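Below: input15.cif (mmCIF, C-alpha atoms)
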data_coords
#
loop_
_atom_site.label_atom_id
_atom_site.label_comp_id
_atom_site.auth_asym_id
_atom_site.auth_seq_id
_atom_site.Cartn_x
_atom_site.Cartn_y
_atom_site.Cartn_z
CA MET A 45 -21.36 -54.66 -7.86
CA LYS A 46 -18.47 -52.42 -6.91
CA PRO A 47 -19.64 -49.25 -5.11
CA THR A 48 -19.00 -45.91 -6.77
CA LYS A 49 -17.43 -42.98 -4.97
CA ASN A 50 -20.85 -41.46 -4.29
CA ASP A 51 -22.07 -44.78 -2.81
CA ILE A 52 -19.39 -44.66 -0.07
CA THR A 53 -20.72 -42.89 2.99
CA MET A 54 -19.04 -41.43 6.07
CA SER A 55 -20.26 -40.52 9.52
CA ILE A 56 -20.28 -36.98 10.90
CA GLY A 57 -17.27 -37.86 13.07
CA GLU A 58 -15.28 -39.19 10.11
CA VAL A 59 -16.01 -36.10 8.00
CA ALA A 60 -15.16 -33.77 10.88
CA LYS A 61 -11.81 -35.52 11.29
CA LEU A 62 -11.03 -35.30 7.55
CA LEU A 63 -11.79 -31.56 7.50
CA ASN A 64 -10.17 -30.92 10.90
CA ILE A 65 -13.30 -29.25 12.28
CA SER A 66 -15.81 -30.14 15.00
CA PRO A 67 -19.04 -32.12 14.41
CA GLY A 68 -20.84 -29.07 15.79
CA MET A 69 -19.48 -26.96 12.93
CA LEU A 70 -20.88 -29.49 10.43
CA ARG A 71 -24.30 -29.26 12.12
CA THR A 72 -24.12 -25.47 11.95
CA TRP A 73 -23.31 -25.56 8.22
CA GLU A 74 -26.23 -27.95 7.67
CA ASN A 75 -28.58 -25.60 9.55
CA GLU A 76 -27.32 -22.75 7.34
CA GLY A 77 -28.23 -24.75 4.22
CA LEU A 78 -24.64 -25.24 3.07
CA VAL A 79 -24.86 -29.05 2.94
CA ALA A 80 -27.68 -31.60 3.15
CA PRO A 81 -26.42 -35.07 4.13
CA ASP A 82 -28.65 -38.11 3.85
CA ARG A 83 -29.76 -40.15 6.85
CA SER A 84 -29.14 -43.76 7.76
CA GLN A 85 -31.95 -46.11 8.80
CA GLY A 86 -31.29 -44.96 12.35
CA ALA A 87 -31.57 -41.31 11.21
CA HIS A 88 -27.84 -40.64 11.68
CA ARG A 89 -26.17 -38.28 9.22
CA VAL A 90 -24.32 -39.99 6.38
CA TYR A 91 -22.08 -38.01 4.04
CA SER A 92 -21.32 -39.04 0.46
CA ASN A 93 -18.13 -38.25 -1.45
CA ARG A 94 -20.07 -35.49 -3.20
CA ASP A 95 -20.99 -34.00 0.21
CA LEU A 96 -17.32 -34.13 1.22
CA GLN A 97 -16.25 -32.33 -1.95
CA ARG A 98 -18.78 -29.56 -1.30
CA LEU A 99 -17.74 -29.33 2.36
CA ARG A 100 -14.09 -28.86 1.38
CA LYS A 101 -15.19 -25.80 -0.61
CA VAL A 102 -17.36 -24.60 2.28
CA ALA A 103 -14.45 -24.95 4.70
CA LYS A 104 -12.15 -22.95 2.42
CA LEU A 105 -14.68 -20.15 1.91
CA TYR A 106 -15.74 -20.04 5.56
CA LEU A 107 -12.44 -20.56 7.38
CA GLU A 108 -9.91 -19.06 4.97
CA GLU A 109 -11.82 -16.44 2.99
CA LYS A 110 -14.11 -15.56 5.93
CA LEU A 111 -17.30 -15.50 3.85
CA ASN A 112 -20.61 -15.63 5.70
CA PRO A 113 -23.15 -18.45 5.01
CA ALA A 114 -25.25 -16.29 2.67
CA ALA A 115 -22.21 -15.46 0.55
CA ILE A 116 -21.16 -19.13 0.49
CA ARG A 117 -24.64 -20.17 -0.70
CA ARG A 118 -24.39 -17.64 -3.51
CA GLU A 119 -20.89 -18.84 -4.38
CA LEU A 120 -21.68 -22.57 -4.44
CA GLY A 121 -25.30 -22.44 -5.59
CA PRO A 122 -28.24 -24.58 -4.40
CA ILE A 123 -27.71 -28.14 -3.27
CA ALA A 124 -28.75 -30.50 -6.08
CA PRO A 125 -30.98 -33.50 -5.25
CA SER A 126 -29.13 -36.79 -4.81
CA PRO A 127 -29.20 -38.74 -8.11
CA ALA A 128 -29.22 -42.02 -6.19
CA ARG A 129 -32.68 -41.27 -4.86
CA GLN A 130 -34.31 -39.85 -7.98
CA ASN A 131 -37.37 -41.44 -9.53
CA PRO A 132 -38.60 -41.15 -13.13
CA VAL A 133 -41.13 -38.38 -13.78
CA ASP A 134 -43.66 -38.46 -16.60
CA ALA A 135 -43.86 -35.51 -18.98
CA ARG A 136 -47.35 -34.56 -17.71
CA LEU A 137 -46.07 -33.79 -14.21
CA GLY A 138 -43.25 -31.67 -15.62
CA GLU A 139 -45.71 -29.79 -17.82
CA ARG A 140 -48.04 -29.15 -14.86
CA LEU A 141 -45.15 -27.80 -12.82
CA ARG A 142 -44.29 -25.42 -15.67
CA GLN A 143 -47.94 -24.33 -16.04
CA ILE A 144 -48.38 -23.72 -12.30
CA ARG A 145 -45.14 -21.76 -12.13
CA GLY A 146 -46.32 -19.66 -15.07
CA ALA A 147 -49.76 -19.12 -13.54
CA ARG A 148 -48.08 -17.97 -10.32
CA GLY A 149 -45.96 -15.54 -12.35
CA MET A 150 -42.77 -17.07 -10.94
CA THR A 151 -39.50 -17.24 -12.84
CA LEU A 152 -37.10 -20.18 -12.65
CA ILE A 153 -34.82 -18.05 -10.47
CA GLU A 154 -37.64 -17.22 -8.03
CA THR A 155 -38.70 -20.87 -7.86
CA SER A 156 -35.09 -21.86 -7.29
CA LYS A 157 -34.70 -19.46 -4.37
CA LYS A 158 -37.92 -20.68 -2.72
CA SER A 159 -37.26 -24.38 -3.21
CA GLY A 160 -33.48 -24.49 -2.85
CA LEU A 161 -33.21 -26.40 -6.16
CA SER A 162 -31.11 -25.15 -9.05
CA PRO A 163 -32.83 -23.38 -12.00
CA SER A 164 -31.27 -25.86 -14.45
CA PHE A 165 -32.65 -28.81 -12.50
CA ILE A 166 -36.16 -27.30 -12.34
CA SER A 167 -36.05 -26.55 -16.08
CA ALA A 168 -34.95 -30.11 -16.89
CA LEU A 169 -37.69 -31.48 -14.64
CA GLU A 170 -40.35 -29.39 -16.36
CA ARG A 171 -39.19 -30.78 -19.71
CA GLY A 172 -39.27 -34.34 -18.37
CA ASN A 173 -35.52 -34.72 -18.91
CA THR A 174 -34.55 -35.75 -15.38
CA GLY A 175 -35.69 -37.81 -12.43
CA VAL A 176 -36.64 -36.34 -9.05
CA SER A 177 -36.73 -37.38 -5.41
CA ILE A 178 -39.86 -37.17 -3.29
CA GLU A 179 -38.03 -34.67 -1.10
CA ALA A 180 -37.40 -32.38 -4.08
CA LEU A 181 -41.04 -32.68 -5.18
CA PHE A 182 -42.21 -31.66 -1.71
CA ARG A 183 -39.93 -28.63 -1.85
CA LEU A 184 -41.22 -27.64 -5.29
CA ALA A 185 -44.86 -28.09 -4.28
CA GLU A 186 -44.32 -25.90 -1.22
CA ALA A 187 -42.52 -23.23 -3.27
CA LEU A 188 -45.45 -23.17 -5.74
CA GLY A 189 -48.08 -23.09 -2.98
CA THR A 190 -49.60 -26.48 -3.76
CA THR A 191 -49.42 -30.15 -2.73
CA LEU A 192 -48.20 -33.31 -4.42
CA PRO A 193 -51.72 -34.75 -4.92
CA THR A 194 -52.95 -31.45 -6.35
CA LEU A 195 -50.17 -31.61 -8.94
CA ASN A 196 -52.22 -34.40 -10.54
CA SER A 197 -55.08 -31.98 -11.18
CA ASP A 198 -55.95 -31.60 -14.84
CA SER A 199 -56.89 -27.96 -14.36
CA VAL A 200 -54.30 -25.36 -13.41
CA ALA A 201 -57.22 -23.02 -12.61
CA ASP A 202 -58.18 -25.39 -9.77
CA ILE A 203 -54.73 -24.91 -8.29
CA THR A 204 -54.32 -21.15 -8.71
CA ALA A 205 -57.87 -20.06 -7.80
CA PRO A 206 -58.32 -17.87 -4.67
CA PRO A 207 -58.90 -19.87 -1.46
CA ALA A 208 -62.56 -20.67 -0.88
CA GLN A 209 -64.26 -20.26 2.49
CA ARG A 210 -65.48 -23.86 2.46
CA HIS A 211 -64.70 -27.14 0.73
CA PHE A 212 -66.48 -30.48 0.70
CA VAL A 213 -64.33 -33.42 -0.40
CA PRO A 214 -66.10 -36.80 -0.79
CA ALA A 215 -63.93 -39.72 0.27
CA ASN A 216 -63.99 -41.21 -3.25
CA ARG A 217 -62.85 -37.95 -4.89
CA ARG A 218 -59.67 -37.19 -2.97
CA LYS A 219 -56.71 -36.13 -5.09
CA LYS A 220 -53.88 -38.64 -4.71
CA PHE A 221 -50.16 -38.79 -5.29
CA VAL A 222 -48.72 -42.30 -5.62
CA THR A 223 -45.02 -43.07 -5.95
CA GLU A 224 -43.98 -45.26 -8.84
CA ASP A 225 -43.30 -48.22 -6.53
CA ARG A 226 -46.59 -47.55 -4.66
CA THR A 227 -44.82 -47.46 -1.29
CA LEU A 228 -46.26 -44.03 -0.48
CA VAL A 229 -49.79 -42.77 -1.17
CA ILE A 230 -50.68 -39.19 -0.21
CA GLU A 231 -54.33 -38.07 -0.29
CA ASP A 232 -55.49 -34.46 0.05
CA ILE A 233 -58.45 -34.32 2.44
CA ILE A 234 -58.76 -30.55 2.11
CA ALA A 235 -59.03 -29.24 -1.43
CA LYS A 236 -56.43 -26.75 -2.56
CA PRO A 237 -56.18 -23.83 -2.54
CA SER A 238 -56.92 -23.35 1.16
CA GLY A 239 -55.29 -21.91 4.24
CA MET A 240 -54.52 -25.34 5.67
CA GLU A 241 -52.93 -28.46 4.24
CA ALA A 242 -54.34 -31.78 5.50
CA GLN A 243 -53.47 -35.18 4.09
CA ILE A 244 -53.70 -38.87 4.83
CA SER A 245 -50.51 -40.73 4.01
CA THR A 246 -50.35 -44.50 3.62
CA ILE A 247 -46.76 -45.62 4.15
CA ALA A 248 -45.54 -49.09 3.22
CA PRO A 249 -43.19 -51.02 5.57
CA GLY A 250 -39.61 -49.80 5.31
CA THR A 251 -40.59 -46.56 3.55
CA ASP A 252 -39.11 -43.31 4.82
CA SER A 253 -39.37 -39.59 4.07
CA ASN A 254 -36.63 -39.85 1.43
CA GLY A 255 -34.79 -37.00 3.09
CA VAL A 256 -34.73 -34.60 6.01
CA PHE A 257 -37.37 -31.87 5.84
CA SER A 258 -37.40 -28.31 7.13
CA HIS A 259 -39.87 -25.62 6.05
CA LYS A 260 -42.05 -22.81 7.35
CA GLY A 261 -45.17 -23.49 9.37
CA GLN A 262 -46.43 -25.85 12.04
CA GLU A 263 -47.35 -29.54 11.83
CA PHE A 264 -49.74 -31.89 13.55
CA VAL A 265 -49.29 -35.67 13.13
CA HIS A 266 -51.91 -38.23 14.19
CA VAL A 267 -51.34 -41.95 13.57
CA LEU A 268 -54.50 -43.74 12.44
CA GLU A 269 -53.07 -47.23 11.85
CA GLY A 270 -49.68 -48.87 12.32
CA SER A 271 -46.71 -46.99 13.76
CA LEU A 272 -44.41 -44.18 12.67
CA SER A 273 -40.86 -43.45 13.80
CA LEU A 274 -40.11 -39.73 13.70
CA TRP A 275 -36.83 -37.99 14.41
CA LEU A 276 -36.87 -34.30 15.29
CA GLU A 277 -33.78 -32.16 15.67
CA PRO A 278 -31.75 -31.61 17.69
CA GLU A 279 -31.82 -35.28 18.83
CA GLU A 280 -35.42 -36.20 19.65
CA PHE A 281 -37.07 -39.50 18.71
CA TYR A 282 -40.76 -40.42 18.83
CA LEU A 283 -42.44 -43.74 18.12
CA LEU A 284 -46.05 -42.89 17.34
CA LYS A 285 -48.69 -45.62 17.63
CA PRO A 286 -52.43 -45.53 16.78
CA GLY A 287 -54.02 -42.57 18.52
CA ASP A 288 -50.70 -40.84 19.27
CA THR A 289 -50.21 -37.25 18.14
CA LEU A 290 -47.21 -34.97 17.72
CA TYR A 291 -47.14 -31.20 17.18
CA PHE A 292 -43.99 -29.29 16.21
CA HIS A 293 -42.76 -26.22 14.36
CA SER A 294 -41.78 -27.25 10.85
CA HIS A 295 -38.53 -25.26 10.75
CA LEU A 296 -37.10 -28.02 12.95
CA LYS A 297 -35.50 -30.63 10.70
CA HIS A 298 -37.49 -33.86 10.75
CA TYR A 299 -37.31 -37.32 9.26
CA TRP A 300 -39.79 -40.21 9.45
CA LYS A 301 -39.93 -43.90 8.65
CA ASN A 302 -42.32 -46.84 8.92
CA GLU A 303 -40.04 -49.33 10.67
CA SER A 304 -42.82 -51.90 11.21
CA ASP A 305 -43.83 -54.82 8.98
CA LYS A 306 -47.33 -53.40 8.33
CA PRO A 307 -48.62 -50.34 6.42
CA THR A 308 -49.02 -47.12 8.41
CA ARG A 309 -51.77 -44.52 7.89
CA VAL A 310 -51.15 -41.02 9.17
CA LEU A 311 -53.22 -37.85 9.31
CA TRP A 312 -50.82 -34.99 8.57
CA VAL A 313 -51.86 -31.33 9.02
CA ASN A 314 -49.66 -28.39 7.98
CA VAL A 315 -50.51 -24.78 8.79
CA ALA A 316 -48.57 -21.74 7.63
CA LEU A 317 -47.18 -19.52 10.35
CA PRO A 318 -49.46 -16.57 11.16
CA LYS A 319 -48.45 -13.15 9.93
CA GLN A 320 -46.38 -11.07 12.28
CA SER A 321 -48.07 -8.43 14.37
CA GLU A 322 -46.97 -4.81 14.40
CA SER A 323 -44.64 -5.61 17.30
CA GLY A 324 -42.87 -8.18 15.14
CA GLU A 325 -44.13 -11.13 17.19
CA PRO A 326 -46.18 -13.88 15.51
CA ALA A 327 -49.91 -13.44 16.05
CA GLU A 328 -51.28 -16.11 18.34
CA PHE A 329 -53.84 -18.63 17.16
CA GLU A 330 -55.11 -21.99 18.28
CA LEU A 331 -55.43 -25.13 16.17
CA VAL A 332 -57.89 -27.70 17.48
CA ALA A 333 -58.11 -31.12 15.81
CA LYS A 334 -60.91 -33.53 16.65
CA ILE A 335 -60.80 -37.10 15.43
CA ALA A 336 -64.19 -38.78 15.18
CA SER A 337 -64.28 -42.28 16.61
#
What would you get if you wrote out this structure as structure tokens?
Amino acid sequence: MKPTKNDITMSIGEVAKLLNISPGMLRTWENEGLVAPDRSQGAHRVYSNRDLQRLRKVAKLYLEEKLNPAAIRRELGPIAPSPARQNPVDARLGERLRQIRGARGMTLIETSKKSGLSPSFISALERGNTGVSIEALFRLAEALGTTLPTLNSDSVADITAPPAQRHFVPANRRKKFVTEDRTLVIEDIIAKPSGMEAQISTIAPGTDSNGVFSHKGQEFVHVLEGSLSLWLEPEEFYLLKPGDTLYFHSHLKHYWKNESDKPTRVLWVNVALPKQSESGEPAEFELVAKIAS
């Protein structure tokens, strides 16, 4: 099959040469949310023809018209999810997204600003008229204050209720999110809503994060079985094996993949950043995780 224009990818060096700018400038524009290139199996940036077209507009607005990143984002709009990585979505999920957004009192515009996805895309998704990538679903779930497994809940009241002081979740009653090809299974081990997000992810061989993630909060990763390759910007790489842990601030862009030939099980904990103190500095707190043997 002959590749389409969007199938042809370029390295950061090739794109920098075409635009007559430095690779560092491309990284800066990515950090500013002006472009979101995919990653290769080795976690190197790969730019599609669509990325290049957007970057030509960014370069003109930034270098010639001297607009700042915020003005460029307003001019070009949110970055749409890559169609090549979209998966079908059943109408029930789209309806639940619409119900949760309504229960939160959030408009399409507000949801768009929080998730970085366009209002038209979110609307089409809610109507079941488009596919969606796992990355985009994660961004929507975060914007709506929920998790992917909790999106499968039949009761919106369960999702929007005030956080309880305690939750007991039997192992056989965990909420699950399963991709259509069953290569990724995410289980909530703390019921939502709560102040902490904790999940066990089962990742099939060759499965990756379907994108580079960056969001508010702090993360704790503990590998239960198998191994997990994790790339953390600027250029850090970790190979986590059973018993290994990694803690990092979630605003750092990160990408993961199961590069082994066996399934990987990972305990993943996400905690929102504490509120700022009167001095403007984040309030200190300690997160202690104990894994029973």
Practice problem: Using the chain letters and numbering of this document, enumerate as a PyMOL selection string the residues selected by the PyMOL selection byres ((chain A and resi 262) around 9). | Solution: chain A and resi 259-261+263-264+291-295+313-317
Quiz item: For Pro307 in chain A, which residue out of A:Ile65, A:Leu228, A:Val102, A:Ala215 is the nearest one, using only C-alpha atoms?
Solution: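 So, comparing all the options, the nearest one is A:Leu228.
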Quiz item: Can you list, as a count of residues only, the residues that the PyMOL selection byres ((chain A and resi 266-277) around 6) selects here?
Solution: 24
Practice problem: Can you give me, as a list in words, the residues this file yields under the PyMOL selection byres ((chain A and resi 75) around 12)? | Solution: Gly68, Met69, Leu70, Arg71, Thr72, Trp73, Glu74, Glu76, Gly77, Leu78, Val79, Ala80, Pro81, Pro113, Val256, Phe257, Ser258, His259, Glu277, Pro278, His295, Leu296 and Lys297 of chain A
Quiz item: In Å, how far is it from CA of Ser177 in chain A to CA of Glu224 in chain A?
Solution: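 Here the two named atoms are 11.2 Å from each other.
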Quiz item: For Gly250 in chain A, which residue out of A:Met150, A:Phe212, A:Val229, A:Asp305 is the nearest one, using all atoms listed in the file?
Solution: A:Asp305
Quiz item: Any idea what the distance is between CA of Ile233 in chain A and CA of Pro214 in chain A?
Solution: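 Distance reported for this atom pair: 8.7 Å.
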Exercise. Counting all atoms listed in the file, figure out which residue out of A:Glu119, A:Glu154, A:Asp82, A:Glu58 gets nearest to Leu188 in chain A.
Key: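 Counting all atoms listed in the file, the residue closest to Leu188 in chain A is A:Glu154.
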Quiz prompt | Who sits within 12 Å of Asn64 in chain A, all atoms listed in the file, same chain under 3 positions skipped, as a PyMOL selection string | solution = chain A and resi 56-61+67-70+99-100+103-104+107
Practice problem: Give me, please, the distance in Å between CA of Ile244 in chain A and CA of Arg183 in chain A, quoted to one decimal. | Solution: 18.4 Å
